[in-house]
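S.K.: Here it is: the structure, laid out below.
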Amino acid sequence: MKTVILDGYTENPGDLDWKDIQVPGELTVYDRTSLTDEEEIIRRIGDAEIVITNKTPITRHVLDACPGIRFISVLATGYNIVDTVCAAEKGIPVSNIPAYGTDAVAQFAIGLLLEVCHHIGHHSETVKQGRWSESPDFCYWDYPLIELKGKTMGIIGYGRIGSAVGRIALAFGMKVLAVKRHPKDDTLAEFTTLDDLYSRADVISLHCPLTTDNVGMINREAIAKMKDGVIIINNSRGPLIEENDLAQALKEGKVAAAAVDVVSREPIKADNPLLTAPNCLITPHISWAPKESRQRIMEGTAQNICAFLSGKPINVVNCVNS
């Protein structure tokens with residue numbers, strides 16, 4: 001049996017061990033595979049039966065050209081890079097890794113918010129540049145500093161990650177509003193409508209999966225419903241935000257600040273409007289990347305493959321024809 005990992009570098013740049021994924025037969029690991037050259041993807045898959053991918057797309061064309069594929073495992077929770085419908089038609093189960101990074105991603109969301117509130121990195125750099133040693137005052141700050149206690153956190157998408165963010169926000173003394181497709185009883189958050197959340201929240205944090213219904217949900221119309229000076233956090237999915245509209249709202253001051261770990265096209269393009277928008281913090285999609293989280297991905301992938309080989313695949317995200 002042949003197994004191929006198409007883009008292993010971000011999962012394992014050298015601090016983990018691919019031996020944790022024990023597969024019978026031959027294992028080939030590529031650090032990177034083109035995201036756009038389908039012929040390269042097809043060549044690298046070849047006659048492999050198990051395909052492991054992170055962000056390399058597995059399209060209908062690729063699936064048609066690689067009839068040996070029996071199983072696809074995604075090194076992530078999101079699986080939109082695989083044509084799961086086509087895979088199901090061909091009887092190929094696609095499995096993901098749910099819940100591996102809940103705490104890391106929640107922690108990072110709060111880290112983005114704290115950086116917006118205090119600009120810690122900026123002030124550290126100014127100290128190293130000599131400004132404090134030359135200051136006539138015992139302290140200084142270049143941005144308004146924000147205390148979170150008493151403010152309202154609005155969380156859109158109150159699943160594992162969203163609720164983890166909510167618990168941290170409560171520890172800061174914030175009130176938590178939440179929007180969830182199927183709300184359940186929760187003593188921590190007040191469930192409400194999207195419009196109500198927009199109008200009441202001081203901070204809006206996105207933690208929902210990307211669907212055809214919510215692409216561009218944070219747009220000009222949505223922002224107009226928000227409080228003046230709202231803070232927007234997104235380390236969920238980049239296309240949830242209409243970036244031109246957010247950039248304009250930042251320039252106008254309607255949105256006081258934004259912090260994003262994801263953008264609409266990744267890697268970010270040089271003409272992305274958020275790159276030149278004021279008060280916008282951008283990090284390169286690293287919420288998921290602590291070593292502990294990546295180790296859980298490795299372990300989850302091993303479990304997915306083992307379950308498939310035993311004839312009882314787990315974490316399957318597509319309905320496979322029998």
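Chain labels follow the order of the structure tokens: the first chain is A, the next B, and so on; residue numbering restarts at 1 in every chain, and ligands are counted from 1 in their shown order.
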Run DSSP on the backbone of this structure and report the residues of range 28-261 of chain A it assigns to strand (DSSP E), as a count of residues only.
M.R.: 39
S.K.: Name all residues at most 9 Å from range 159-164 of chain A (count only C-alpha atoms; drop same-chain ones fewer than 4 positions away) and give them as a short mmCIF file (atom, residue, chain, number, x, y, z; two decimals) with C-alpha atoms, in the first residue's frame.
M.R.:
```cif
data_model
loop_
_atom_site.label_atom_id
_atom_site.label_comp_id
_atom_site.auth_asym_id
_atom_site.auth_seq_id
_atom_site.Cartn_x
_atom_site.Cartn_y
_atom_site.Cartn_z
CA ALA A 99 -11.17 19.50 18.08
CA GLY A 101 -6.78 22.92 18.46
CA THR A 102 -9.70 24.18 20.53
CA ASP A 103 -7.65 25.63 23.37
CA ALA A 104 -4.83 26.92 21.17
CA VAL A 105 -7.19 28.76 18.80
CA ALA A 106 -9.22 30.21 21.68
CA GLN A 107 -6.02 31.34 23.36
CA ILE A 155 -19.20 35.51 19.70
CA ILE A 168 -11.86 33.34 28.94
CA ALA A 169 -13.85 36.51 28.27
CA ALA A 178 -23.45 34.42 21.41
CA LYS A 180 -25.27 29.76 17.34
CA LEU A 188 -22.12 31.42 30.50
CA ALA A 189 -23.50 33.15 27.43
CA SER A 205 -15.12 37.45 17.56
CA LEU A 206 -15.80 35.06 14.69
CA HIS A 207 -15.68 31.31 15.34
CA CYS A 208 -18.02 29.80 12.77
#
```
S.K.: How close does range 200-310 of chain A get to range 29-36 of chain A? List, as a tab-separated table, each residue of range 200-310 of chain A within 12 Å, its nearest atom pair and the distance in Å to one decimal, counting only C-alpha atoms.
M.R.:
```
residue	atom	partner	partner_atom	distance
A:Arg265	CA	A:Leu35	CA	11.8
A:Glu266	CA	A:Leu35	CA	10.5
A:Pro267	CA	A:Leu35	CA	10.8
```
S.K.: Env of range 81-92 of chain A: 7 Å cut, atoms = only C-alpha atoms, seq-sep filter 3 positions within chain, self excluded. Answer as a list in words.
M.R.: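 With the cut-off at 7 Å, the set is Lys55, Thr56, Pro57, Ile58, Thr59, Arg60, Arg70, Phe71, Asn318, Cys319, Val320, Asn321 and Ser322 of chain A.
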S.K.: Got a sec to tell me which of range 1-163 of chain A DSSP assigns to helix (DSSP H, G or I), as a count of residues only?
M.R.: 53
